[in-house]
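Have a look at query-v4.cif; it's mmCIF, C-alpha atoms:
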data_upload
#
loop_
_atom_site.label_atom_id
_atom_site.label_comp_id
_atom_site.auth_asym_id
_atom_site.auth_seq_id
_atom_site.Cartn_x
_atom_site.Cartn_y
_atom_site.Cartn_z
CA MET Y 293 -25.93 -0.38 4.81
CA SER Y 294 -27.83 -0.10 1.54
CA ILE Y 295 -31.53 -0.58 0.72
CA ARG Y 296 -32.81 -2.53 -2.28
CA PRO Y 297 -36.18 -4.14 -3.15
CA GLY Y 298 -36.82 -7.57 -1.63
CA THR Y 299 -37.68 -10.70 -3.57
CA GLU Y 300 -41.29 -10.69 -2.34
CA GLY Y 301 -43.24 -7.54 -2.91
CA ASP Y 302 -41.62 -4.15 -2.60
CA ILE Y 303 -40.49 -4.41 1.02
CA PRO Y 304 -37.02 -2.78 1.36
CA VAL Y 305 -34.33 -5.15 2.56
CA ALA Y 306 -31.22 -3.95 4.41
CA VAL Y 307 -28.08 -5.36 2.82
CA PRO Y 308 -24.68 -5.03 4.53
CA ARG Y 309 -22.39 -2.82 2.48
CA GLY Y 310 -19.91 -4.96 0.57
CA ALA Y 311 -21.88 -8.20 1.00
CA GLU Y 312 -22.02 -8.66 -2.76
CA LEU Y 313 -18.29 -8.17 -3.27
CA GLY Y 314 -17.08 -11.74 -2.73
CA ALA Y 315 -16.34 -11.80 0.98
CA PRO Y 316 -14.76 -15.07 2.24
CA ALA Y 317 -17.97 -16.14 4.04
CA GLN Y 318 -20.25 -15.42 1.09
CA THR Y 319 -22.38 -18.30 -0.20
CA PRO Y 320 -22.25 -19.38 -2.96
CA PRO Y 321 -18.53 -18.73 -3.51
CA SER Y 322 -17.74 -15.69 -5.61
CA PRO Y 323 -15.81 -16.40 -8.85
CA ASP Y 324 -13.76 -13.30 -8.02
CA LYS Y 325 -12.63 -14.60 -4.64
CA GLY Y 326 -8.91 -14.37 -4.01
CA MET Y 327 -6.72 -11.34 -4.58
CA PHE Y 328 -5.22 -11.18 -8.08
CA GLY Y 329 -7.53 -14.02 -9.15
CA VAL Y 330 -6.02 -16.58 -6.77
CA LYS Y 331 -8.59 -19.15 -5.60
CA GLY Y 332 -8.90 -22.68 -4.25
CA THR Y 333 -5.77 -22.47 -2.08
CA GLY Y 334 -7.30 -22.40 1.40
CA ASP Y 335 -5.54 -19.09 1.94
CA VAL Y 336 -7.92 -16.37 3.10
CA SER Y 337 -5.30 -13.68 2.48
CA GLY Y 338 -5.62 -14.27 -1.27
CA PHE Y 339 -1.87 -14.38 -1.79
CA GLY Y 340 -1.39 -18.18 -1.64
CA ARG Y 341 0.43 -19.64 -4.64
CA LEU Y 342 0.49 -16.23 -6.23
CA ALA Y 343 2.97 -16.27 -9.12
CA ARG Y 344 3.17 -13.21 -11.31
CA PRO Y 345 5.78 -13.03 -14.09
CA ARG Y 346 8.22 -10.19 -13.65
CA PRO Y 347 8.56 -8.19 -16.87
CA ALA Y 348 12.05 -7.53 -18.17
CA VAL Y 349 13.25 -4.02 -17.34
CA SER Y 350 15.25 -2.51 -20.18
CA ASP Y 351 16.62 0.90 -21.12
CA SER Y 352 14.01 3.41 -22.16
CA PRO Y 353 14.67 5.21 -25.46
CA ARG Y 354 15.20 8.93 -25.60
CA PRO Y 355 13.59 11.38 -25.47
CA TYR Y 356 12.31 10.49 -22.04
CA GLY Y 357 9.85 13.35 -21.90
CA GLY Y 358 9.18 16.16 -19.44
CA TYR Y 359 12.10 17.19 -17.24
CA PHE Y 360 13.63 13.69 -17.36
CA ASP Y 361 15.93 14.59 -20.26
CA ASP Y 362 17.12 17.71 -18.42
CA VAL Y 363 18.01 15.66 -15.34
CA TYR Y 364 19.82 13.04 -17.41
CA ASP Y 365 21.83 15.64 -19.35
CA ALA Y 366 22.68 17.65 -16.23
CA LEU Y 367 23.96 14.57 -14.39
CA GLU Y 368 25.98 13.44 -17.41
CA GLU Y 369 27.61 16.86 -17.61
CA ALA Y 370 28.26 17.22 -13.88
CA TYR Y 371 29.54 13.70 -13.15
CA PRO Y 372 32.67 12.61 -15.08
CA ALA Y 373 32.14 8.92 -14.26
CA PHE Y 374 28.56 9.00 -15.54
CA SER Y 375 28.98 6.20 -18.10
CA GLU Y 376 30.59 3.93 -15.49
CA ALA Y 377 27.97 4.63 -12.82
CA ILE Y 378 24.71 4.34 -14.77
CA GLU Y 379 23.58 0.81 -15.61
CA LYS Y 380 20.33 1.82 -17.31
CA VAL Y 381 17.61 4.44 -17.35
CA VAL Y 382 13.97 3.41 -17.08
CA VAL Y 383 10.91 5.60 -17.55
CA ASP Y 384 7.73 3.83 -16.51
CA ARG Y 385 4.37 5.15 -15.33
CA ALA Y 386 5.65 8.72 -15.64
CA GLU Y 387 8.53 8.04 -13.23
CA LEU Y 388 12.27 8.26 -13.90
CA THR Y 389 14.54 5.59 -12.40
CA LEU Y 390 18.32 5.70 -12.73
CA HIS Y 391 19.88 2.30 -12.05
CA ILE Y 392 23.25 2.92 -10.39
CA ARG Y 393 26.21 0.65 -9.74
CA PRO Y 394 26.27 0.11 -5.96
CA GLU Y 395 29.84 1.34 -5.47
CA ARG Y 396 28.89 4.67 -7.13
CA ILE Y 397 25.70 5.44 -5.25
CA MET Y 398 27.21 7.89 -2.75
CA ASP Y 399 29.05 9.86 -5.46
CA VAL Y 400 25.91 10.08 -7.60
CA CYS Y 401 23.85 11.25 -4.63
CA ARG Y 402 26.37 13.97 -3.86
CA VAL Y 403 26.23 15.28 -7.43
CA MET Y 404 22.43 15.07 -7.46
CA ARG Y 405 22.32 17.19 -4.31
CA ASP Y 406 25.04 19.77 -5.05
CA ASP Y 407 24.92 20.50 -8.78
CA GLU Y 408 23.20 23.80 -9.61
CA SER Y 409 21.16 22.22 -12.40
CA LEU Y 410 19.94 19.31 -10.26
CA ARG Y 411 19.50 20.38 -6.64
CA PHE Y 412 17.90 17.22 -5.27
CA GLU Y 413 18.17 18.39 -1.68
CA LEU Y 414 15.97 15.75 -0.03
CA CYS Y 415 16.11 11.98 0.16
CA SER Y 416 12.54 11.31 1.23
CA SER Y 417 12.77 7.52 1.39
CA VAL Y 418 15.10 4.53 1.20
CA ASP Y 419 13.33 1.21 0.67
CA ALA Y 420 14.03 -2.23 -0.71
CA VAL Y 421 12.50 -5.16 -2.60
CA ASP Y 422 13.54 -8.83 -2.48
CA TYR Y 423 13.49 -10.46 -5.93
CA LEU Y 424 14.33 -13.91 -4.64
CA GLY Y 425 14.36 -16.47 -7.44
CA SER Y 426 14.06 -13.95 -10.27
CA ASP Y 427 17.28 -11.94 -9.98
CA GLU Y 428 20.76 -13.03 -8.91
CA ARG Y 429 21.13 -9.60 -7.33
CA ARG Y 430 18.03 -10.19 -5.27
CA PHE Y 431 17.95 -7.00 -3.19
CA HIS Y 432 17.03 -3.77 -4.97
CA ILE Y 433 17.40 -0.61 -2.88
CA ALA Y 434 15.55 2.49 -4.07
CA TYR Y 435 16.32 6.08 -3.09
CA GLN Y 436 13.51 8.59 -3.64
CA LEU Y 437 15.04 12.02 -4.26
CA THR Y 438 13.15 15.31 -4.34
CA SER Y 439 14.28 18.68 -5.69
CA MET Y 440 12.47 21.36 -3.73
CA THR Y 441 14.17 23.99 -5.88
CA TYR Y 442 12.83 22.67 -9.20
CA ARG Y 443 9.88 20.62 -7.88
CA ARG Y 444 11.15 17.38 -9.39
CA ARG Y 445 11.38 13.76 -8.29
CA VAL Y 446 13.81 11.03 -9.33
CA ARG Y 447 14.42 7.49 -8.14
CA LEU Y 448 17.91 5.98 -7.84
CA GLU Y 449 18.10 2.19 -7.63
CA VAL Y 450 20.93 -0.22 -6.85
CA ALA Y 451 20.88 -4.02 -6.88
CA VAL Y 452 23.09 -6.33 -4.84
CA ALA Y 453 23.35 -10.04 -4.11
CA ASP Y 454 22.79 -11.40 -0.63
CA GLY Y 455 25.72 -10.48 1.63
CA VAL Y 456 27.07 -7.69 -0.59
CA PRO Y 457 27.24 -4.35 1.27
CA VAL Y 458 26.03 -1.02 -0.11
CA PRO Y 459 27.80 2.27 0.71
CA THR Y 460 25.78 4.42 3.06
CA VAL Y 461 24.53 7.80 1.82
CA THR Y 462 24.05 9.27 5.30
CA SER Y 463 26.95 11.70 4.81
CA VAL Y 464 25.05 13.20 1.86
CA TYR Y 465 21.47 12.76 3.06
CA PRO Y 466 21.18 12.60 6.88
CA THR Y 467 17.52 11.59 6.48
CA ALA Y 468 18.74 8.21 5.19
CA ASP Y 469 20.05 7.25 8.64
CA TRP Y 470 16.91 5.63 10.07
CA GLN Y 471 15.72 4.55 6.61
CA GLU Y 472 18.87 2.52 5.96
CA ARG Y 473 18.51 1.00 9.42
CA GLU Y 474 14.98 -0.09 8.53
CA VAL Y 475 16.17 -1.74 5.29
CA TYR Y 476 18.89 -3.50 7.28
CA ASP Y 477 16.39 -4.62 9.91
CA MET Y 478 13.78 -5.93 7.44
CA PHE Y 479 16.04 -7.28 4.64
CA GLY Y 480 19.51 -7.72 6.13
CA VAL Y 481 21.21 -5.40 3.63
CA VAL Y 482 24.37 -3.97 5.19
CA PHE Y 483 25.17 -0.29 4.55
CA ALA Y 484 28.93 0.11 4.79
CA GLY Y 485 30.00 3.20 6.73
CA HIS Y 486 26.66 3.77 8.45
CA PRO Y 487 27.24 5.49 11.81
CA ASN Y 488 24.93 3.19 13.80
CA LEU Y 489 23.62 0.26 11.76
CA THR Y 490 21.38 -1.45 14.34
CA ARG Y 491 17.82 -2.72 14.31
CA ILE Y 492 15.11 -0.08 14.47
CA LEU Y 493 11.81 -1.99 14.28
CA MET Y 494 12.53 -5.46 15.66
CA PRO Y 495 14.11 -6.26 19.06
CA ASP Y 496 17.90 -6.30 19.10
CA ASP Y 497 18.00 -10.06 19.68
CA TRP Y 498 15.55 -10.89 16.87
CA GLU Y 499 16.72 -13.62 14.51
CA GLY Y 500 16.28 -13.11 10.77
CA HIS Y 501 14.87 -10.32 8.63
CA PRO Y 502 11.06 -10.40 8.29
CA GLN Y 503 10.61 -8.96 4.78
CA ARG Y 504 12.87 -11.41 3.02
CA LYS Y 505 10.91 -13.67 0.69
CA ASP Y 506 12.40 -16.77 2.33
CA TYR Y 507 11.44 -15.68 5.85
CA PRO Y 508 8.83 -18.07 7.37
CA LEU Y 509 5.36 -16.60 7.78
CA GLY Y 510 4.89 -18.05 11.26
CA GLY Y 511 1.81 -17.87 13.46
CA VAL Y 512 0.36 -15.37 15.91
CA PRO Y 513 0.10 -16.47 19.59
CA VAL Y 514 -3.17 -15.58 21.29
CA GLU Y 515 -3.53 -15.01 25.04
CA TYR Y 516 -6.48 -17.35 25.40
CA LYS Y 517 -5.97 -20.98 26.39
CA GLY Y 518 -2.74 -21.19 24.40
CA ALA Y 519 -4.45 -20.77 21.03
CA GLU Y 520 -2.52 -19.65 17.96
CA ILE Y 521 -3.61 -18.11 14.67
CA PRO Y 522 -1.88 -20.15 11.93
CA PRO Y 523 0.10 -18.59 9.05
CA PRO Y 524 -2.02 -17.40 6.07
CA ASP Y 525 -1.08 -20.35 3.88
CA GLN Y 526 -2.35 -22.80 6.51
CA ARG Y 527 -5.72 -21.21 7.30
CA ARG Y 528 -9.01 -22.81 6.33
CA VAL Y 529 -11.71 -21.15 4.29
CA TYR Y 530 -15.38 -21.54 5.24
CA GLN Y 531 -17.94 -20.93 2.51
#
Show me the file's structure as structure tokens.
Amino acid sequence: MSIRPGTEGDIPVAVPRGAELGAPAQTPPSPDKGMFGVKGTGDVSGFGRLARPRPAVSDSPRPYGGYFDDVYDALEEAYPAFSEAIEKVVVDRAELTLHIRPERIMDVCRVMRDDESLRFELCSSVDAVDYLGSDERRFHIAYQLTSMTYRRRVRLEVAVADGVPVPTVTSVYPTADWQEREVYDMFGVVFAGHPNLTRILMPDDWEGHPQRKDYPLGGVPVEYKGAEIPPPDQRRVYQ
């Protein structure tokens, strides 16, 4: 709660914290209502009809800055098929991303882990993004690598079309086991050679993959007189 002077006299008035920030029930409607500027959709989540242009991702010019050039040069020297494996190199927001051809991802990971000048011993995360409608290779899988020896971080990224498998990297990074299973469960990306590629979050008999962009939002059943909370794009807004 916060205290501010009232409209009549100097009597303090208690105001709920955040009441002036454009909450859905605020009257009159806030011009800032709706996440990312979305408004007038009847969607209280703020995401309804959200359409943001995706900027083109192109090769970054050298020098990349910091240790990024050292990583690039070390990988080029240690991996003979470097020119065939690397699609592009992007430096954005002080992060280095190496875009790798999917069939080369396991070989690149092995070099990144074992080479004396690289030593990326840990794969801390494997995640994915669905670029449905904006990229023919709609699924982008990102591998977050960490060098504990040199205190460095690098992202590897591969892109595949729906139904195209990606080689597993579990033989190089055992930590990727459950992470690849999660990507499979949520997006349906198959990791060829994975020792146990089964669902890990959803029930085994679940149909579909919930984080695909074309997956229906659905509703939430409520245990009270058969009520159901509708999907976000079908909810009503009360002002």
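Proximity to Ser375 (chain Y) at 12 Å, evaluated using all atoms listed in the file and with sequence-adjacent residues fewer than 6 positions away removed, yields Tyr364, Asp365, Leu367, Glu368, Glu369, Val381, Leu390, His391, Ile392, Arg393, Arg396 and Val400 of chain Y.
Taking CA of Gly518 (chain Y) and CA of Trp498 (chain Y) as endpoints, the distance between them is 22.3 Å.
Here CA of Pro523 (chain Y) stands at a distance of 25.2 Å from CA of Asp419 (chain Y).
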**Report entry** Glu428 (chain Y) environment, 10 Å, only C-alpha atoms, sequence neighbours closer than 3 positions dropped, as a list in words
**Finding:** Tyr423, Leu424, Gly425, Phe431, Ala451, Val452, Ala453 and Asp454 of chain Y
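Closest to Asn488 (chain Y) among Y:Val475, Y:Pro372, Y:Phe412, Y:Trp470 is Y:Trp470, based on all atoms listed in the file.
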Requested in this report: Would you kindly translate the PyMOL selection byres ((chain Y and resi 494) around 12) into the concrete residues it picks from this file, as a ChimeraX atom specification?
Outcome: /Y:473-479,490-493,495-503
Could you turn the residues from that selection into a file that holds C-alpha atoms, as a PDB file, in the coordinates of the input?
ATOM      1  CA  ARG Y 473      18.510   1.000   9.420  1.00  0.00           C
ATOM      2  CA  GLU Y 474      14.980  -0.090   8.530  1.00  0.00           C
ATOM      3  CA  VAL Y 475      16.170  -1.740   5.290  1.00  0.00           C
ATOM      4  CA  TYR Y 476      18.890  -3.500   7.280  1.00  0.00           C
ATOM      5  CA  ASP Y 477      16.390  -4.620   9.910  1.00  0.00           C
ATOM      6  CA  MET Y 478      13.780  -5.930   7.440  1.00  0.00           C
ATOM      7  CA  PHE Y 479      16.040  -7.280   4.640  1.00  0.00           C
ATOM      8  CA  THR Y 490      21.380  -1.450  14.340  1.00  0.00           C
ATOM      9  CA  ARG Y 491      17.820  -2.720  14.310  1.00  0.00           C
ATOM     10  CA  ILE Y 492      15.110  -0.080  14.470  1.00  0.00           C
ATOM     11  CA  LEU Y 493      11.810  -1.990  14.280  1.00  0.00           C
ATOM     12  CA  PRO Y 495      14.110  -6.260  19.060  1.00  0.00           C
ATOM     13  CA  ASP Y 496      17.900  -6.300  19.100  1.00  0.00           C
ATOM     14  CA  ASP Y 497      18.000 -10.060  19.680  1.00  0.00           C
ATOM     15  CA  TRP Y 498      15.550 -10.890  16.870  1.00  0.00           C
ATOM     16  CA  GLU Y 499      16.720 -13.620  14.510  1.00  0.00           C
ATOM     17  CA  GLY Y 500      16.280 -13.110  10.770  1.00  0.00           C
ATOM     18  CA  HIS Y 501      14.870 -10.320   8.630  1.00  0.00           C
ATOM     19  CA  PRO Y 502      11.060 -10.400   8.290  1.00  0.00           C
ATOM     20  CA  GLN Y 503      10.610  -8.960   4.780  1.00  0.00           C
TER      21      GLN Y 503
END
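Closest approach to Arg430 (chain Y) from the set Y:Ala348, Y:Leu410, Y:Val481, Y:Val464 is made by Y:Val481, with distances taken over all atoms listed in the file.
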**Report entry** Evaluate the PyMOL selection byres ((chain Y and resi 444) around 10) and report residues as a PyMOL selection string
**Finding:** chain Y and resi 359-360+363+410-412+437-443+445-446
Could you pull out every residue with an atom within 9 Å of (13.2, 2.4, -15.6), file coordinates, counting only C-alpha atoms, and send them as an mmCIF file with C-alpha atoms, in the frame of the given file?
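Ended up saving to result_21.cif:
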data_model
loop_
_atom_site.group_PDB
_atom_site.id
_atom_site.type_symbol
_atom_site.label_atom_id
_atom_site.label_comp_id
_atom_site.auth_asym_id
_atom_site.auth_seq_id
_atom_site.Cartn_x
_atom_site.Cartn_y
_atom_site.Cartn_z
ATOM 1 C CA VAL Y 349 13.250 -4.020 -17.340
ATOM 2 C CA SER Y 350 15.250 -2.510 -20.180
ATOM 3 C CA ASP Y 351 16.620 0.900 -21.120
ATOM 4 C CA SER Y 352 14.010 3.410 -22.160
ATOM 5 C CA LYS Y 380 20.330 1.820 -17.310
ATOM 6 C CA VAL Y 381 17.610 4.440 -17.350
ATOM 7 C CA VAL Y 382 13.970 3.410 -17.080
ATOM 8 C CA VAL Y 383 10.910 5.600 -17.550
ATOM 9 C CA ASP Y 384 7.730 3.830 -16.510
ATOM 10 C CA GLU Y 387 8.530 8.040 -13.230
ATOM 11 C CA LEU Y 388 12.270 8.260 -13.900
ATOM 12 C CA THR Y 389 14.540 5.590 -12.400
ATOM 13 C CA LEU Y 390 18.320 5.700 -12.730
ATOM 14 C CA HIS Y 391 19.880 2.300 -12.050
#
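Separating CA of Leu509 (chain Y) from CA of Ser417 (chain Y) is a distance of 26.0 Å.
With only C-alpha atoms as the atoms that count, the residue of Y:Phe374, Y:Tyr435, Y:Tyr356, Y:Tyr507 with the shortest distance to Ser416 (chain Y) is Y:Tyr435.
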Requested in this report: Specify as a ChimeraX atom specification each residue included when the PyMOL selection byres ((chain Y and resi 486) around 10) is applied to this file.
Outcome: /Y:458-463,468-469,472-473,482-485,487-490
